[in-house]
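Structure file upload11.tsv; described as TSV, C-alpha atoms.
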chain	number	residue	atom	x	y	z
G	17	MET	CA	28.77	84.42	156.38
G	18	ALA	CA	29.93	84.10	152.77
G	19	ALA	CA	33.63	83.74	152.12
G	20	PRO	CA	35.23	86.85	150.59
G	21	ALA	CA	35.71	86.77	146.83
G	22	ARG	CA	39.18	85.73	145.74
G	23	THR	CA	40.98	88.63	144.09
G	24	HIS	CA	44.46	87.19	143.58
G	25	ARG	CA	45.23	84.90	140.67
G	26	THR	CA	46.89	81.57	141.36
G	27	GLN	CA	50.30	80.77	139.90
G	28	GLN	CA	48.65	78.41	137.41
G	29	GLU	CA	46.21	81.12	136.30
G	30	ARG	CA	49.06	83.58	135.82
G	31	SER	CA	51.02	80.97	133.87
G	32	GLU	CA	48.06	80.22	131.60
G	33	GLN	CA	47.46	83.92	131.01
G	34	THR	CA	51.13	84.42	130.09
G	35	ARG	CA	51.01	81.49	127.69
G	36	GLU	CA	47.85	82.74	125.99
G	37	ALA	CA	49.30	86.25	125.67
G	38	LEU	CA	52.37	84.80	123.94
G	39	LEU	CA	50.27	82.72	121.54
G	40	ASP	CA	47.98	85.63	120.64
G	41	ALA	CA	50.97	87.93	120.12
G	42	THR	CA	52.62	85.33	117.87
G	43	ILE	CA	49.55	85.14	115.62
G	44	GLU	CA	49.34	88.93	115.56
G	45	CYS	CA	52.99	89.17	114.48
G	46	LEU	CA	52.65	86.49	111.80
G	47	VAL	CA	49.67	88.30	110.28
G	48	SER	CA	51.05	91.85	110.50
G	49	LEU	CA	54.78	91.24	109.97
G	50	GLY	CA	55.13	87.84	108.29
G	51	TYR	CA	57.31	84.98	109.49
G	52	ALA	CA	60.64	86.45	108.35
G	53	ARG	CA	60.16	89.66	110.35
G	54	THR	CA	58.60	87.99	113.40
G	55	THR	CA	61.14	87.76	116.19
G	56	VAL	CA	60.78	86.36	119.69
G	57	GLN	CA	61.72	89.79	121.03
G	58	GLU	CA	58.81	91.41	119.16
G	59	ILE	CA	56.40	88.71	120.34
G	60	CYS	CA	57.45	89.24	123.96
G	61	ALA	CA	57.09	93.01	123.62
G	62	ARG	CA	53.55	92.72	122.24
G	63	ALA	CA	52.60	90.16	124.87
G	64	GLY	CA	54.13	92.21	127.69
G	65	VAL	CA	56.19	89.18	128.72
G	66	SER	CA	59.89	88.83	129.58
G	67	ARG	CA	62.19	86.58	127.59
G	68	GLY	CA	62.67	84.45	130.68
G	69	ALA	CA	58.93	83.89	131.00
G	70	GLN	CA	58.71	83.08	127.29
G	71	GLN	CA	61.48	80.49	127.51
G	72	HIS	CA	59.73	78.89	130.45
G	73	HIS	CA	56.77	78.11	128.19
G	74	PHE	CA	58.45	77.67	124.77
G	75	THR	CA	62.12	76.82	124.42
G	76	THR	CA	62.35	77.47	120.66
G	77	LYS	CA	60.79	79.80	118.13
G	78	ALA	CA	59.50	76.81	116.14
G	79	GLU	CA	57.74	75.44	119.22
G	80	LEU	CA	56.11	78.82	119.87
G	81	MET	CA	54.98	79.22	116.26
G	82	THR	CA	53.49	75.74	116.11
G	83	ALA	CA	51.67	76.14	119.42
G	84	ALA	CA	50.23	79.46	118.24
G	85	LEU	CA	48.80	77.89	115.09
G	86	GLN	CA	47.31	75.04	117.13
G	87	HIS	CA	45.88	77.58	119.60
G	88	LEU	CA	44.18	79.57	116.85
G	89	PHE	CA	42.77	76.55	115.06
G	90	GLY	CA	41.48	75.10	118.32
G	91	ARG	CA	39.58	78.28	119.02
G	92	LEU	CA	38.07	78.41	115.54
G	93	ILE	CA	37.19	74.72	115.33
G	94	THR	CA	35.33	74.96	118.64
G	95	GLN	CA	33.27	77.86	117.34
G	96	VAL	CA	32.33	76.26	114.03
G	97	THR	CA	31.69	72.81	115.54
G	98	GLU	CA	29.20	74.31	117.97
G	99	ALA	CA	27.54	76.08	115.05
G	100	ALA	CA	27.34	72.82	113.06
G	101	ARG	CA	25.66	70.97	115.92
G	102	SER	CA	22.78	73.45	115.94
G	103	LEU	CA	21.90	72.70	112.30
G	104	PRO	CA	18.96	70.45	111.37
G	105	PRO	CA	19.80	67.34	109.29
G	106	GLY	CA	19.46	67.53	105.53
G	107	PRO	CA	21.15	68.86	102.39
G	108	GLU	CA	21.48	72.39	103.79
G	109	ARG	CA	23.71	70.99	106.51
G	110	VAL	CA	26.25	69.86	103.89
G	111	SER	CA	26.24	73.25	102.20
G	112	TYR	CA	26.73	75.00	105.52
G	113	GLY	CA	29.55	72.60	106.34
G	114	ILE	CA	31.50	74.04	103.41
G	115	ASP	CA	30.77	77.55	104.65
G	116	LEU	CA	32.18	76.52	108.03
G	117	LEU	CA	35.34	75.20	106.38
G	118	TRP	CA	35.76	78.48	104.54
G	119	GLU	CA	35.27	80.38	107.80
G	120	ALA	CA	37.87	78.21	109.55
G	121	TYR	CA	40.48	78.21	106.79
G	122	SER	CA	40.25	81.82	105.67
G	123	GLY	CA	41.16	85.02	107.46
G	124	THR	CA	43.67	85.01	110.29
G	125	LEU	CA	44.15	81.24	110.34
G	126	SER	CA	44.97	81.08	106.65
G	127	THR	CA	47.42	83.99	106.80
G	128	ALA	CA	49.28	82.60	109.81
G	129	ALA	CA	49.30	79.03	108.45
G	130	VAL	CA	50.61	80.03	105.02
G	131	GLU	CA	53.43	82.02	106.63
G	132	LEU	CA	54.47	78.96	108.63
G	133	TRP	CA	54.03	76.38	105.86
G	134	VAL	CA	56.12	78.42	103.43
G	135	ALA	CA	58.84	78.98	106.04
G	136	ALA	CA	58.82	75.26	106.92
G	137	ARG	CA	59.95	74.36	103.40
G	138	THR	CA	63.50	75.44	104.26
G	139	ASP	CA	63.37	75.24	108.07
G	140	GLU	CA	63.67	71.61	109.14
G	141	GLU	CA	63.00	72.30	112.83
G	142	LEU	CA	59.81	74.20	112.03
G	143	ARG	CA	58.75	71.54	109.52
G	144	GLU	CA	59.14	68.75	112.07
G	145	SER	CA	57.19	70.76	114.65
G	146	LEU	CA	54.37	71.51	112.22
G	147	ARG	CA	53.81	67.97	110.91
G	148	PRO	CA	51.95	66.53	113.93
G	149	VAL	CA	49.90	69.71	114.26
G	150	ASP	CA	48.97	69.60	110.59
G	151	ARG	CA	47.82	65.99	111.00
G	152	ALA	CA	45.80	66.94	114.08
G	153	LEU	CA	44.17	69.80	112.17
G	154	GLY	CA	43.23	67.35	109.44
G	155	HIS	CA	41.60	64.94	111.90
G	156	ALA	CA	39.69	67.77	113.59
G	157	THR	CA	38.49	69.08	110.24
G	158	LEU	CA	37.35	65.60	109.18
G	159	SER	CA	35.33	65.32	112.39
G	160	LEU	CA	33.73	68.68	111.70
G	161	TYR	CA	32.89	67.74	108.14
G	162	ARG	CA	31.54	64.35	109.25
G	163	GLU	CA	29.12	66.13	111.57
G	164	ALA	CA	27.97	68.41	108.78
G	165	ALA	CA	27.64	65.58	106.25
G	166	GLY	CA	25.41	63.46	108.45
G	167	ASP	CA	24.94	59.87	107.23
G	168	LEU	CA	27.10	59.90	104.09
G	169	PRO	CA	29.49	56.92	103.72
G	170	GLU	CA	32.86	57.49	105.38
G	171	SER	CA	34.82	57.21	102.12
G	172	GLU	CA	32.55	59.77	100.48
G	173	VAL	CA	32.91	62.18	103.40
G	174	GLU	CA	36.70	61.97	103.30
G	175	THR	CA	36.83	62.55	99.53
G	176	LEU	CA	34.52	65.57	99.72
G	177	LEU	CA	36.48	66.90	102.68
G	178	LEU	CA	39.85	66.71	100.92
G	179	LEU	CA	38.48	68.37	97.82
G	180	SER	CA	36.75	71.06	99.89
G	181	VAL	CA	39.82	71.78	102.03
G	182	ASN	CA	42.06	72.12	98.99
G	183	LEU	CA	39.52	74.44	97.38
G	184	VAL	CA	39.18	76.75	100.39
G	185	ARG	CA	42.95	76.81	100.92
G	186	GLY	CA	43.38	77.87	97.32
G	187	LEU	CA	40.66	80.50	97.66
G	188	ALA	CA	42.26	81.77	100.86
G	189	LEU	CA	45.59	82.14	99.09
G	190	ASP	CA	43.81	83.95	96.25
G	191	ALA	CA	42.34	86.35	98.83
G	192	MET	CA	45.80	86.98	100.31
G	193	MET	CA	47.09	87.80	96.82
G	194	GLY	CA	44.30	90.33	96.23
G	195	GLY	CA	42.14	88.18	93.95
G	196	ASP	CA	38.58	88.96	92.92
G	197	GLU	CA	36.19	88.49	95.85
G	198	THR	CA	33.18	88.07	93.54
G	199	ARG	CA	34.94	85.25	91.71
G	200	ARG	CA	35.79	83.52	95.00
G	201	LYS	CA	32.16	83.67	96.12
G	202	ARG	CA	31.00	82.28	92.76
G	203	LEU	CA	33.46	79.38	92.89
G	204	LEU	CA	32.44	78.56	96.45
G	205	GLU	CA	28.74	78.56	95.51
G	206	GLU	CA	29.42	76.36	92.46
G	207	TRP	CA	31.34	73.90	94.62
G	208	LYS	CA	28.51	73.77	97.18
G	209	ALA	CA	26.06	73.02	94.37
G	210	THR	CA	28.34	70.24	93.10
G	211	VAL	CA	28.67	68.70	96.56
G	212	LEU	CA	24.93	68.95	97.14
G	213	GLU	CA	24.29	67.15	93.85
G	214	ARG	CA	26.73	64.41	94.86
G	215	TYR	CA	25.14	64.19	98.32
G	216	LEU	CA	21.67	63.67	96.85
G	217	ALA	CA	22.96	61.12	94.34
G	218	VAL	CA	24.64	59.02	97.04
G	219	ARG	CA	21.53	59.07	99.21
G	220	SER	CA	19.10	58.20	96.39
Target format structure tokens, applied to this file:
Amino acid sequence: MAAPARTHRTQQERSEQTREALLDATIECLVSLGYARTTVQEICARAGVSRGAQQHHFTTKAELMTAALQHLFGRLITQVTEAARSLPPGPERVSYGIDLLWEAYSGTLSTAAVELWVAARTDEELRESLRPVDRALGHATLSLYREAAGDLPESEVETLLLLSVNLVRGLALDAMMGGDETRRKRLLEEWKATVLERYLAVRS
């Protein structure tokens, strides 16, 4: 006789669900309210979590904010890395790698990250919390780009990555400021053409 299906969540499952609800609510607040108007009370209300439960997981606002950014990026990088692995080798893979960077660095991630980076300029605790996460994001992005770039030399991959990341961050900020979408698409296509030309030159 089969054992009855378990209907009750374990304490660990409940704890993980509470943590994820807090992180998702933090991102939601950063995007809809901005950092200055995001309070721990508002995050708890949106997450349906008590202050006591919140403090059990995150003792400070800076810790919660940093974990939320890491949580969002981890989710996005998993999605785009899986997409990159399904691509055949060749020049198109490099072009698509830039599209993946744009997908990862634009939208919700960009909005939340900009809010935190700007606030960190004058908030030492937040700045210190963000630094290791920012480095980790850089390493994860380099790994993603390395997969997309295939057999390019390591130094070439890192240079193209840094240039590409700075471009998409700038384009993401332009989008947040209400810039011209057609212009952003044109600049992205021109950059992909430039990278493709460099890719073919290195391999020839």
**Message:** At a cut-off of 8 Å, using all atoms listed in the file, what residues contact segment 188-191 of chain G? Leave out same-chain residues fewer than 5 positions from it and give the result as a ChimeraX atom specification.
**Reply:** /G:121-123,126,196-197
Need to verify the contact set: segment 80-85 of chain G, 6 Å, all atoms listed in the file, exclusion of same-chain residues closer than 3 positions in sequence. Can you return it as a PDB file with C-alpha atoms, in the frame of the given file?
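Result saved to result08.pdb:
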ATOM      1  CA  LEU G  39      50.270  82.720 121.540  1.00  0.00           C
ATOM      2  CA  PHE G  74      58.450  77.670 124.770  1.00  0.00           C
ATOM      3  CA  LYS G  77      60.790  79.800 118.130  1.00  0.00           C
ATOM      4  CA  LEU G  88      44.180  79.570 116.850  1.00  0.00           C
ATOM      5  CA  LEU G 146      54.370  71.510 112.220  1.00  0.00           C
TER       6      LEU G 146
END
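With all atoms listed in the file as the atoms that count, the minimum distance from Val149 of chain G to the choices G:His87, G:His73, G:Arg35, G:Arg62 is reached by G:His87.
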List every residue of segment 88-171 of chain G that has an atom at most 6 Å from any atom of segment 45-56 of chain G, and for each one report the closest atom pair and its distance in Å to one decimal, counting only C-alpha atoms, with rows sorted by chain and then by increasing residue number, as CSV.
residue,atom,partner,partner_atom,distance
G:Thr127,CA,G:Val47,CA,6.0
G:Ala128,CA,G:Leu46,CA,5.5
G:Glu131,CA,G:Tyr51,CA,5.7
For the residues in the current selection, export C-alpha atoms as a PDB file, in the coordinates of the input.
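Printed below is out-v3.pdb as written:
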ATOM      1  CA  THR G 127      47.420  83.990 106.800  1.00  0.00           C
ATOM      2  CA  ALA G 128      49.280  82.600 109.810  1.00  0.00           C
ATOM      3  CA  GLU G 131      53.430  82.020 106.630  1.00  0.00           C
TER       4      GLU G 131
END
**Message:** Let me make sure I understand: among G:Gln86, G:Thr26, G:Thr76, G:Ser180, which one has the smallest atom-to-atom distance to Pro148 of chain G if we use all atoms listed in the file?
**Reply:** G:Gln86
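Interatomic distance, atom CA of Ala41 of chain G against atom CA of Leu187 of chain G: 25.8 Å.
Atom CA of Val184 of chain G is found 9.5 Å from atom CA of Asp115 of chain G.
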Using the file's own x, y and z axes, what box holds all listed atoms of segment 194-199 of chain G with 5 Å on each side, keeping edges along x, y and z, and what are its centre and edge lengths in Å to one decimal, as JSON?
{"center_x": 38.7, "center_y": 87.8, "center_z": 94.0, "size_x": 21.1, "size_y": 15.1, "size_z": 14.5}
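Reported to one decimal place, the separation of atom CA of Ser159 of chain G from atom CA of Leu212 of chain G is 18.8 Å.
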**Request:** Give the answer as one residue: which of G:Arg143, G:Arg91, G:Lys208, G:Arg185 has the shortest atom-to-atom distance to Ala156 of chain G, using only C-alpha atoms?
**Result:** G:Arg91
